>>> print(open('final.cif').read())   # mmCIF, C-alpha atoms
data_structure
loop_
_atom_site.group_PDB
_atom_site.id
_atom_site.type_symbol
_atom_site.label_atom_id
_atom_site.label_comp_id
_atom_site.auth_asym_id
_atom_site.auth_seq_id
_atom_site.Cartn_x
_atom_site.Cartn_y
_atom_site.Cartn_z
ATOM 1 C CA MET A 758 -17.735 -8.574 -66.163
ATOM 2 C CA ARG A 759 -18.035 -12.348 -66.263
ATOM 3 C CA ARG A 760 -20.457 -13.952 -63.769
ATOM 4 C CA ARG A 761 -17.640 -15.995 -62.128
ATOM 5 C CA ASP A 762 -15.528 -12.850 -61.509
ATOM 6 C CA PHE A 763 -18.571 -11.000 -60.131
ATOM 7 C CA ILE A 764 -19.267 -13.751 -57.588
ATOM 8 C CA LYS A 765 -15.581 -13.878 -56.563
ATOM 9 C CA GLY A 766 -15.664 -10.148 -55.979
ATOM 10 C CA ILE A 767 -18.691 -10.432 -53.702
ATOM 11 C CA VAL A 768 -17.158 -13.301 -51.723
ATOM 12 C CA GLY A 769 -13.845 -11.439 -51.387
ATOM 13 C CA SER A 770 -15.507 -8.285 -50.064
ATOM 14 C CA THR A 771 -17.704 -10.137 -47.540
ATOM 15 C CA THR A 772 -14.831 -12.182 -46.116
ATOM 16 C CA ALA A 773 -12.855 -8.974 -45.641
ATOM 17 C CA LEU A 774 -15.599 -7.327 -43.552
ATOM 18 C CA PRO A 775 -14.852 -9.106 -40.243
ATOM 19 C CA LEU A 776 -11.180 -8.180 -40.555
ATOM 20 C CA VAL A 777 -12.085 -4.520 -41.071
ATOM 21 C CA ALA A 778 -14.509 -4.650 -38.153
ATOM 22 C CA ARG A 779 -11.871 -6.142 -35.872
ATOM 23 C CA ALA A 780 -9.341 -3.530 -36.949
ATOM 24 C CA GLN A 781 -11.804 -0.750 -36.084
ATOM 25 C CA GLN A 782 -12.595 -2.050 -32.585
ATOM 26 C CA PRO A 783 -11.288 0.379 -29.933
ATOM 27 C CA SER A 784 -8.455 -0.816 -27.740
ATOM 28 C CA PRO A 785 -9.356 -1.411 -24.090
ATOM 29 C CA PRO A 786 -8.747 1.435 -21.618
ATOM 30 C CA MET A 787 -5.328 1.432 -19.963
ATOM 31 C CA ILE A 788 -4.641 1.821 -16.242
ATOM 32 C CA GLY A 789 -1.332 2.986 -14.821
ATOM 33 C CA PHE A 790 -0.342 1.101 -11.642
ATOM 34 C CA LEU A 791 2.471 3.063 -10.017
ATOM 35 C CA ARG A 792 4.321 2.383 -6.758
ATOM 36 C CA SER A 793 7.262 4.028 -5.031
ATOM 37 C CA ALA A 794 8.447 0.677 -3.647
ATOM 38 C CA SER A 795 9.192 -2.540 -5.477
ATOM 39 C CA ASN A 796 6.304 -4.421 -7.044
ATOM 40 C CA ALA A 797 8.188 -7.669 -6.376
ATOM 41 C CA GLY A 798 6.683 -8.021 -2.900
ATOM 42 C CA ALA A 799 3.319 -6.611 -3.842
ATOM 43 C CA ALA A 800 1.636 -9.603 -5.494
ATOM 44 C CA HIS A 801 -1.089 -9.615 -2.832
ATOM 45 C CA LEU A 802 -1.782 -5.929 -3.492
ATOM 46 C CA VAL A 803 -2.049 -6.517 -7.231
ATOM 47 C CA THR A 804 -4.410 -9.420 -6.549
ATOM 48 C CA GLY A 805 -6.560 -7.224 -4.313
ATOM 49 C CA PHE A 806 -6.640 -4.533 -6.994
ATOM 50 C CA ARG A 807 -7.600 -7.024 -9.704
ATOM 51 C CA ASN A 808 -10.374 -8.413 -7.498
ATOM 52 C CA GLY A 809 -11.802 -4.910 -7.108
ATOM 53 C CA LEU A 810 -11.601 -4.308 -10.851
ATOM 54 C CA LYS A 811 -13.413 -7.583 -11.446
ATOM 55 C CA GLU A 812 -16.186 -6.581 -9.054
ATOM 56 C CA ALA A 813 -16.584 -3.423 -11.126
ATOM 57 C CA GLY A 814 -16.792 -5.461 -14.347
ATOM 58 C CA PHE A 815 -13.219 -5.226 -15.633
ATOM 59 C CA VAL A 816 -10.758 -8.069 -16.174
ATOM 60 C CA GLU A 817 -7.133 -7.365 -17.034
ATOM 61 C CA GLY A 818 -6.264 -8.717 -20.477
ATOM 62 C CA GLN A 819 -9.901 -8.829 -21.567
ATOM 63 C CA ASN A 820 -11.558 -5.427 -21.375
ATOM 64 C CA VAL A 821 -8.838 -3.429 -19.621
ATOM 65 C CA ALA A 822 -5.031 -3.206 -19.758
ATOM 66 C CA VAL A 823 -2.679 -2.366 -16.897
ATOM 67 C CA GLU A 824 0.789 -0.827 -17.155
ATOM 68 C CA TYR A 825 2.878 -1.540 -14.023
ATOM 69 C CA ARG A 826 5.642 0.825 -12.906
ATOM 70 C CA SER A 827 7.849 0.933 -9.797
ATOM 71 C CA ALA A 828 10.471 3.425 -8.616
ATOM 72 C CA ASN A 829 12.099 0.772 -6.387
ATOM 73 C CA ASP A 830 12.392 3.361 -3.586
ATOM 74 C CA GLU A 831 14.235 5.830 -5.839
ATOM 75 C CA LEU A 832 11.689 8.564 -5.275
ATOM 76 C CA ASP A 833 13.287 10.956 -7.749
ATOM 77 C CA ARG A 834 12.229 8.547 -10.521
ATOM 78 C CA LEU A 835 8.528 8.925 -9.758
ATOM 79 C CA PRO A 836 7.943 12.136 -11.785
ATOM 80 C CA SER A 837 9.348 10.571 -14.971
ATOM 81 C CA LEU A 838 7.412 7.343 -14.395
ATOM 82 C CA ALA A 839 4.196 9.311 -13.916
ATOM 83 C CA ALA A 840 4.934 11.359 -17.044
ATOM 84 C CA ASP A 841 5.522 8.174 -19.022
ATOM 85 C CA LEU A 842 2.136 6.772 -17.991
ATOM 86 C CA ILE A 843 0.421 10.033 -18.897
ATOM 87 C CA SER A 844 2.128 10.037 -22.311
ATOM 88 C CA ARG A 845 0.672 6.574 -22.901
ATOM 89 C CA GLN A 846 -2.771 8.111 -22.416
ATOM 90 C CA VAL A 847 -3.777 5.986 -19.455
ATOM 91 C CA ALA A 848 -7.385 6.436 -18.411
ATOM 92 C CA VAL A 849 -6.603 6.283 -14.671
ATOM 93 C CA ILE A 850 -3.494 6.154 -12.482
ATOM 94 C CA VAL A 851 -3.568 4.218 -9.205
ATOM 95 C CA GLY A 852 -0.670 4.554 -6.790
ATOM 96 C CA ASN A 853 0.561 4.434 -3.216
ATOM 97 C CA THR A 854 1.167 7.683 -1.341
ATOM 98 C CA ASN A 855 4.409 8.939 -2.909
ATOM 99 C CA ALA A 856 3.475 7.629 -6.346
ATOM 100 C CA ALA A 857 0.062 9.296 -6.295
ATOM 101 C CA LEU A 858 1.624 12.563 -5.117
ATOM 102 C CA ALA A 859 3.970 12.473 -8.123
ATOM 103 C CA ALA A 860 1.052 11.758 -10.446
ATOM 104 C CA LYS A 861 -0.961 14.617 -8.939
ATOM 105 C CA ALA A 862 1.937 16.992 -9.571
ATOM 106 C CA ALA A 863 2.080 15.822 -13.186
ATOM 107 C CA THR A 864 -1.566 16.139 -14.214
ATOM 108 C CA THR A 865 -4.799 17.867 -13.294
ATOM 109 C CA THR A 866 -6.877 15.998 -15.861
ATOM 110 C CA VAL A 867 -6.042 12.269 -15.660
ATOM 111 C CA PRO A 868 -8.026 10.682 -12.805
ATOM 112 C CA ILE A 869 -5.869 9.435 -9.917
ATOM 113 C CA VAL A 870 -6.817 6.893 -7.249
ATOM 114 C CA PHE A 871 -4.460 6.776 -4.270
ATOM 115 C CA VAL A 872 -3.998 3.986 -1.719
ATOM 116 C CA SER A 873 -2.496 5.660 1.325
ATOM 117 C CA GLY A 874 -1.883 4.976 4.987
ATOM 118 C CA SER A 875 -1.598 8.712 5.544
ATOM 119 C CA ASP A 876 -4.026 11.633 5.912
ATOM 120 C CA PRO A 877 -5.135 12.563 2.355
ATOM 121 C CA VAL A 878 -6.273 16.056 3.365
ATOM 122 C CA ARG A 879 -3.004 16.891 5.141
ATOM 123 C CA ASP A 880 -1.013 15.446 2.231
ATOM 124 C CA GLY A 881 -2.870 17.663 -0.239
ATOM 125 C CA PHE A 882 -4.619 14.932 -2.216
ATOM 126 C CA VAL A 883 -8.135 16.233 -1.553
ATOM 127 C CA THR A 884 -9.809 19.272 -0.033
ATOM 128 C CA SER A 885 -12.079 17.074 2.100
ATOM 129 C CA LEU A 886 -12.816 13.373 2.475
ATOM 130 C CA ASN A 887 -16.448 13.670 1.376
ATOM 131 C CA ARG A 888 -15.805 16.130 -1.452
ATOM 132 C CA PRO A 889 -12.360 15.457 -2.971
ATOM 133 C CA GLY A 890 -12.706 18.474 -5.260
ATOM 134 C CA GLY A 891 -10.392 17.576 -8.146
ATOM 135 C CA ASN A 892 -9.032 14.725 -10.244
ATOM 136 C CA VAL A 893 -7.936 12.700 -7.193
ATOM 137 C CA THR A 894 -9.737 10.356 -4.813
ATOM 138 C CA GLY A 895 -8.844 7.064 -3.188
ATOM 139 C CA VAL A 896 -8.576 4.899 -0.118
ATOM 140 C CA THR A 897 -6.877 5.550 3.221
ATOM 141 C CA PHE A 898 -6.064 2.616 5.498
ATOM 142 C CA LEU A 899 -4.904 4.844 8.376
ATOM 143 C CA ALA A 900 -1.486 3.270 8.910
ATOM 144 C CA GLY A 901 0.127 6.421 10.253
ATOM 145 C CA GLN A 902 -2.642 7.458 12.652
ATOM 146 C CA LEU A 903 -2.472 4.495 15.021
ATOM 147 C CA GLY A 904 0.974 5.002 16.514
ATOM 148 C CA ALA A 905 -0.159 5.578 20.095
ATOM 149 C CA LYS A 906 -2.343 2.477 20.050
ATOM 150 C CA ARG A 907 0.497 0.312 18.724
ATOM 151 C CA LEU A 908 2.826 1.638 21.407
ATOM 152 C CA GLU A 909 0.214 0.800 24.044
ATOM 153 C CA LEU A 910 -0.092 -2.764 22.748
ATOM 154 C CA LEU A 911 3.683 -3.175 22.631
ATOM 155 C CA ARG A 912 3.978 -2.056 26.258
ATOM 156 C CA GLU A 913 1.245 -4.521 27.220
ATOM 157 C CA LEU A 914 3.404 -7.229 25.681
ATOM 158 C CA VAL A 915 6.743 -6.083 27.120
ATOM 159 C CA PRO A 916 5.885 -3.948 30.185
ATOM 160 C CA LYS A 917 9.430 -4.058 31.609
ATOM 161 C CA ALA A 918 11.130 -2.663 28.512
ATOM 162 C CA LYS A 919 12.973 0.456 29.704
ATOM 163 C CA THR A 920 13.787 1.522 26.148
ATOM 164 C CA ILE A 921 11.609 1.067 23.076
ATOM 165 C CA ALA A 922 13.001 1.735 19.613
ATOM 166 C CA MET A 923 11.171 2.984 16.535
ATOM 167 C CA LEU A 924 12.334 2.160 13.022
ATOM 168 C CA ALA A 925 11.193 4.905 10.628
ATOM 169 C CA ASN A 926 11.514 5.828 6.977
ATOM 170 C CA PRO A 927 11.585 9.641 6.679
ATOM 171 C CA ASN A 928 10.520 9.561 3.008
ATOM 172 C CA SER A 929 7.119 8.138 3.852
ATOM 173 C CA PRO A 930 4.326 10.704 4.458
ATOM 174 C CA GLU A 931 2.756 8.203 6.855
ATOM 175 C CA THR A 932 5.801 8.657 9.084
ATOM 176 C CA VAL A 933 5.048 12.317 9.879
ATOM 177 C CA ALA A 934 1.842 11.728 11.844
ATOM 178 C CA GLU A 935 3.005 8.393 13.207
ATOM 179 C CA ARG A 936 6.266 9.781 14.616
ATOM 180 C CA GLN A 937 4.449 12.647 16.343
ATOM 181 C CA ASP A 938 1.824 10.270 17.690
ATOM 182 C CA VAL A 939 4.374 7.833 19.107
ATOM 183 C CA GLN A 940 6.589 10.556 20.575
ATOM 184 C CA ALA A 941 3.627 12.216 22.324
ATOM 185 C CA ALA A 942 2.407 8.890 23.701
ATOM 186 C CA ALA A 943 5.894 7.984 24.969
ATOM 187 C CA ARG A 944 6.314 11.354 26.709
ATOM 188 C CA ALA A 945 2.938 11.015 28.386
ATOM 189 C CA ILE A 946 4.009 7.798 30.107
ATOM 190 C CA SER A 947 7.714 8.676 30.510
ATOM 191 C CA GLN A 948 8.739 5.881 28.160
ATOM 192 C CA GLN A 949 12.283 6.165 26.821
ATOM 193 C CA LEU A 950 12.108 6.106 23.014
ATOM 194 C CA ILE A 951 14.836 5.829 20.388
ATOM 195 C CA ILE A 952 13.923 6.703 16.778
ATOM 196 C CA LEU A 953 16.251 5.802 13.920
ATOM 197 C CA ASP A 954 15.552 6.849 10.320
ATOM 198 C CA VAL A 955 16.601 4.422 7.592
ATOM 199 C CA ASN A 956 16.658 4.799 3.804
ATOM 200 C CA GLY A 957 18.250 1.571 2.603
ATOM 201 C CA ASP A 958 18.906 -2.077 3.355
ATOM 202 C CA GLN A 959 22.314 -1.500 4.939
ATOM 203 C CA GLU A 960 20.880 1.209 7.166
ATOM 204 C CA ILE A 961 18.280 -1.261 8.446
ATOM 205 C CA GLU A 962 21.060 -3.680 9.402
ATOM 206 C CA THR A 963 22.975 -0.880 11.145
ATOM 207 C CA ALA A 964 19.865 0.281 12.997
ATOM 208 C CA PHE A 965 19.277 -3.162 14.516
ATOM 209 C CA ALA A 966 22.901 -3.354 15.631
ATOM 210 C CA THR A 967 22.485 0.070 17.255
ATOM 211 C CA PHE A 968 19.309 -1.027 19.033
ATOM 212 C CA ALA A 969 21.167 -4.008 20.462
ATOM 213 C CA LYS A 970 24.067 -1.864 21.689
ATOM 214 C CA ARG A 971 21.674 0.527 23.421
ATOM 215 C CA GLY A 972 19.819 -2.227 25.239
ATOM 216 C CA THR A 973 16.496 -1.801 23.469
ATOM 217 C CA GLY A 974 13.784 -3.990 24.935
ATOM 218 C CA ALA A 975 11.197 -3.805 22.135
ATOM 219 C CA LEU A 976 10.753 -2.383 18.644
ATOM 220 C CA PHE A 977 8.071 -0.380 16.880
ATOM 221 C CA CYS A 978 8.324 -0.799 13.089
ATOM 222 C CA GLY A 979 7.017 2.278 11.324
ATOM 223 C CA ALA A 980 4.478 2.517 8.522
ATOM 224 C CA GLY A 981 5.070 2.886 4.802
ATOM 225 C CA ALA A 982 5.727 1.015 1.581
ATOM 226 C CA PHE A 983 9.490 1.038 2.245
ATOM 227 C CA PHE A 984 9.198 -1.389 5.152
ATOM 228 C CA ASN A 985 6.347 -3.379 3.636
ATOM 229 C CA SER A 986 8.516 -4.212 0.616
ATOM 230 C CA ARG A 987 11.284 -5.338 3.012
ATOM 231 C CA ARG A 988 9.141 -7.158 5.546
ATOM 232 C CA ASP A 989 11.036 -10.453 5.261
ATOM 233 C CA ARG A 990 14.333 -8.700 6.008
ATOM 234 C CA VAL A 991 12.940 -6.704 8.944
ATOM 235 C CA VAL A 992 11.234 -9.758 10.463
ATOM 236 C CA ALA A 993 14.425 -11.813 10.108
ATOM 237 C CA LEU A 994 16.501 -9.113 11.834
ATOM 238 C CA ALA A 995 13.979 -8.813 14.664
ATOM 239 C CA ALA A 996 14.322 -12.576 15.183
ATOM 240 C CA ARG A 997 18.136 -12.464 15.001
ATOM 241 C CA TYR A 998 18.331 -9.728 17.652
ATOM 242 C CA ALA A 999 15.467 -11.237 19.700
ATOM 243 C CA LEU A 1000 13.503 -7.980 19.616
ATOM 244 C CA PRO A 1001 9.750 -8.195 20.311
ATOM 245 C CA THR A 1002 8.308 -6.076 17.502
ATOM 246 C CA ILE A 1003 4.940 -4.637 16.558
ATOM 247 C CA TYR A 1004 4.134 -3.935 12.901
ATOM 248 C CA VAL A 1005 1.494 -2.046 10.946
ATOM 249 C CA LEU A 1006 0.317 -4.804 8.598
ATOM 250 C CA ARG A 1007 -0.702 -8.432 8.982
ATOM 251 C CA GLU A 1008 1.701 -9.361 6.171
ATOM 252 C CA PHE A 1009 4.575 -8.968 8.646
ATOM 253 C CA VAL A 1010 3.000 -11.467 11.041
ATOM 254 C CA SER A 1011 2.359 -13.874 8.189
ATOM 255 C CA ALA A 1012 6.083 -13.576 7.403
ATOM 256 C CA GLY A 1013 6.979 -14.542 10.983
ATOM 257 C CA GLY A 1014 6.652 -11.211 12.788
ATOM 258 C CA LEU A 1015 5.385 -11.149 16.365
ATOM 259 C CA MET A 1016 2.421 -8.788 16.355
ATOM 260 C CA SER A 1017 0.566 -6.301 14.149
ATOM 261 C CA TYR A 1018 -2.250 -3.851 14.602
ATOM 262 C CA GLY A 1019 -3.934 -2.048 11.745
ATOM 263 C CA THR A 1020 -6.243 -2.368 8.776
ATOM 264 C CA SER A 1021 -5.932 -4.457 5.634
ATOM 265 C CA ILE A 1022 -3.849 -2.941 2.839
ATOM 266 C CA THR A 1023 -5.014 -5.725 0.508
ATOM 267 C CA GLU A 1024 -8.595 -4.673 1.149
ATOM 268 C CA ALA A 1025 -7.586 -1.059 0.474
ATOM 269 C CA TYR A 1026 -6.278 -2.050 -2.960
ATOM 270 C CA ARG A 1027 -9.494 -3.972 -3.633
ATOM 271 C CA GLN A 1028 -11.460 -0.806 -2.867
ATOM 272 C CA ALA A 1029 -9.131 1.127 -5.176
ATOM 273 C CA GLY A 1030 -9.876 -1.371 -7.948
ATOM 274 C CA ILE A 1031 -13.596 -0.779 -7.494
ATOM 275 C CA TYR A 1032 -13.097 2.997 -7.710
ATOM 276 C CA VAL A 1033 -10.960 2.666 -10.838
ATOM 277 C CA GLY A 1034 -13.738 0.589 -12.407
ATOM 278 C CA ARG A 1035 -16.339 3.202 -11.538
ATOM 279 C CA ILE A 1036 -14.177 5.936 -13.086
ATOM 280 C CA LEU A 1037 -13.746 3.858 -16.244
ATOM 281 C CA LYS A 1038 -17.541 3.683 -16.425
ATOM 282 C CA GLY A 1039 -17.771 7.472 -16.395
ATOM 283 C CA GLU A 1040 -17.864 8.623 -12.769
ATOM 284 C CA ARG A 1041 -15.636 11.521 -11.728
ATOM 285 C CA PRO A 1042 -13.086 11.388 -8.889
ATOM 286 C CA THR A 1043 -14.533 14.581 -7.426
ATOM 287 C CA ASP A 1044 -17.844 12.741 -6.904
ATOM 288 C CA LEU A 1045 -16.278 9.721 -5.181
ATOM 289 C CA PRO A 1046 -15.675 10.280 -1.425
ATOM 290 C CA VAL A 1047 -12.415 8.985 0.010
ATOM 291 C CA VAL A 1048 -12.882 5.482 1.394
ATOM 292 C CA GLN A 1049 -11.678 5.085 4.990
ATOM 293 C CA SER A 1050 -10.838 1.674 6.403
ATOM 294 C CA THR A 1051 -12.852 0.981 9.542
ATOM 295 C CA LYS A 1052 -11.893 -2.555 10.572
ATOM 296 C CA PHE A 1053 -8.806 -2.790 12.784
ATOM 297 C CA GLU A 1054 -7.184 -6.141 13.514
ATOM 298 C CA LEU A 1055 -4.726 -7.336 16.142
ATOM 299 C CA LEU A 1056 -2.680 -10.366 15.069
ATOM 300 C CA ILE A 1057 -0.296 -12.328 17.270
ATOM 301 C CA ASN A 1058 2.155 -15.018 16.191
ATOM 302 C CA LEU A 1059 2.486 -17.496 19.085
ATOM 303 C CA LYS A 1060 5.243 -19.443 17.338
ATOM 304 C CA THR A 1061 7.381 -16.299 17.221
ATOM 305 C CA ALA A 1062 6.508 -15.462 20.829
ATOM 306 C CA LYS A 1063 7.701 -18.903 21.900
ATOM 307 C CA ALA A 1064 10.975 -18.475 19.983
ATOM 308 C CA LEU A 1065 11.503 -15.172 21.848
ATOM 309 C CA GLY A 1066 10.644 -16.752 25.195
ATOM 310 C CA LEU A 1067 7.637 -14.469 25.619
ATOM 311 C CA ALA A 1068 4.434 -15.359 27.398
ATOM 312 C CA ILE A 1069 1.590 -13.449 25.766
ATOM 313 C CA PRO A 1070 -0.601 -11.798 28.441
ATOM 314 C CA ALA A 1071 -4.127 -13.185 28.611
ATOM 315 C CA LYS A 1072 -5.496 -9.682 28.030
ATOM 316 C CA LEU A 1073 -3.738 -9.429 24.668
ATOM 317 C CA LEU A 1074 -4.821 -12.900 23.616
ATOM 318 C CA ALA A 1075 -8.408 -11.964 24.423
ATOM 319 C CA LEU A 1076 -8.109 -8.828 22.289
ATOM 320 C CA ALA A 1077 -6.514 -10.614 19.327
ATOM 321 C CA ASP A 1078 -8.593 -10.998 16.179
ATOM 322 C CA GLU A 1079 -6.311 -13.747 14.946
ATOM 323 C CA VAL A 1080 -3.694 -15.913 16.655
ATOM 324 C CA ILE A 1081 -1.166 -17.793 14.544
ATOM 325 C CA GLU A 1082 -0.105 -21.028 16.252
#
>>> encode(input="final.cif", output="structure tokens")
Amino acid sequence: MRRRDFIKGIVGSTTALPLVARAQQPSPPMIGFLRSASNAGAAHLVTGFRNGLKEAGFVEGQNVAVEYRSANDELDRLPSLAADLISRQVAVIVGNTNAALAAKAATTTVPIVFVSGSDPVRDGFVTSLNRPGGNVTGVTFLAGQLGAKRLELLRELVPKAKTIAMLANPNSPETVAERQDVQAAARAISQQLIILDVNGDQEIETAFATFAKRGTGALFCGAGAFFNSRRDRVVALAARYALPTIYVLREFVSAGGLMSYGTSITEAYRQAGIYVGRILKGERPTDLPVVQSTKFELLINLKTAKALGLAIPAKLLALADEVIE
């Protein structure tokens, strides 16, 4: 071999080494982000989740990938969406209540992190909060367990309301405990209560028209991703029919709703991001206790109250954690 050809061979092989090394680098782990409701109105939840991932040392697009899926409230699509994520060999699936239930039914090996406003033991996610006992753990922000307290606050605001309505989505597991809680609280104080179940946008419109016909004096908007993804519509209808309304999440008040009482769902997704990061680092769901939200906030929108002609009682203003002028 001539000296010139020998040198060219050495140079060619050394320049090829980085390309081979890059080709052999493992792809980043993939996370499945699955929701029963639309992801269109969930940008703040995605941001919270990404912030939690970042705290755990993972940045989407750098050292982790995320596949987003939504059933757009067609719950029968969730099993196939979960199966698709599993077929893509995701390392973890994170989902809201219905989505995580579908994922749990589909796999006993892929780790699952739920973000739920319901009771994870009653819903069958875990055997206990401290010892989940399987491939599932997560965060509960207790949306469905505060019904009686929300009814109490609503009556403080509108004490003369003879009839209070409740807007509920029967497909939300959060609704089960919340409905029972609200019904029991209403019976205890002899409060007349109307509950209407809705499953679609047109049914929401019809429900508000029914409330108006029946002389409803105030409205209790139920928990669940269904209403959260339609918060602008619900808030607009409450304004159109001049119905003082209490909501579960602060996002409704930010959208113009009158009042909310509950915990932060954005913070719940941040906590879920942290747990996903810990699982990616090797921890097991069974060793990660369910995180329970502990900070409850009362928000009041004074601008909306003024538009409704309501004077907020001093007691409620004193209790409020945040007042929007």
>>> atom_distance(input="final.cif", atom1="CA of Pro836 in chain A", atom2="CA of Thr865 in chain A")
14.1 Å
>>> residues_around(input="final.cif", residues="range 951-963 of chain A", least_positions_apart="5", cutoff="8 Å", atoms="all atoms listed in the file", output="MDAnalysis selection string")
chainID A and resid 920:928 991 994
>>> resolve_selection(input="final.cif", expression="the PyMOL selection byres ((chain A and resi 799) around 12)", output="number ranges by chain")
A: 790-798, 800-806, 825-827, 829, 853, 982-988, 1008, 1022-1023, 1026
>>> closest_residue(input="final.cif", among="A:Asp876, A:Glu1040, A:Glu909, A:Asp1078", to="Glu931 in chain A", atoms="only C-alpha atoms")
A:Asp876
>>> axis_aligned_box(input="final.cif", around="range 973-981 of chain A", padding_each_side="8 Å", output="JSON")
{"center_x": 10.5, "center_y": -0.6, "center_z": 14.9, "size_x": 28.0, "size_y": 22.9, "size_z": 36.1}
>>> residues_around(input="final.cif", residues="Asn855 in chain A", least_positions_apart="2", cutoff="9 Å", atoms="all atoms listed in the file", output="list of chain:residue names")
A:Arg792, A:Ser793, A:Leu832, A:Leu835, A:Gly852, A:Asn853, A:Ala857, A:Leu858, A:Ala859, A:Ala860, A:Ser873, A:Asn928, A:Ser929, A:Pro930
>>> resolve_selection(input="final.cif", expression="the PyMOL selection byres ((chain A and resi 1047-1052) around 6)", output="PyMOL selection string")
chain A and resi 886+894-898+1020+1046+1053
>>> resolve_selection(input="final.cif", expression="the PyMOL selection byres ((chain A and resi 992) around 8)", output="short mmCIF file (atom, residue, chain, number, x, y, z; two decimals) with C-alpha atoms, in the frame of the given file")
data_model
loop_
_atom_site.label_atom_id
_atom_site.label_comp_id
_atom_site.auth_asym_id
_atom_site.auth_seq_id
_atom_site.Cartn_x
_atom_site.Cartn_y
_atom_site.Cartn_z
CA ARG A 988 9.14 -7.16 5.55
CA ASP A 989 11.04 -10.45 5.26
CA ARG A 990 14.33 -8.70 6.01
CA VAL A 991 12.94 -6.70 8.94
CA ALA A 993 14.42 -11.81 10.11
CA LEU A 994 16.50 -9.11 11.83
CA ALA A 995 13.98 -8.81 14.66
CA ALA A 996 14.32 -12.58 15.18
CA PHE A 1009 4.58 -8.97 8.65
CA ALA A 1012 6.08 -13.58 7.40
CA GLY A 1013 6.98 -14.54 10.98
CA GLY A 1014 6.65 -11.21 12.79
#
>>> closest_residue(input="final.cif", among="A:Thr854, A:Thr1002, A:Thr932, A:Ser947", to="Phe871 in chain A", atoms="only C-alpha atoms")
A:Thr854
>>> atom_distance(input="final.cif", atom1="CA of Val851 in chain A", atom2="CA of Arg807 in chain A")
12.0 Å
>>> atom_distance(input="final.cif", atom1="CA of Ala822 in chain A", atom2="CA of Lys1038 in chain A")
14.7 Å
>>> closest_residue(input="final.cif", among="A:Val1080, A:Leu1073, A:Ala900, A:Arg971", to="Ser1021 in chain A", atoms="all atoms listed in the file")
A:Ala900
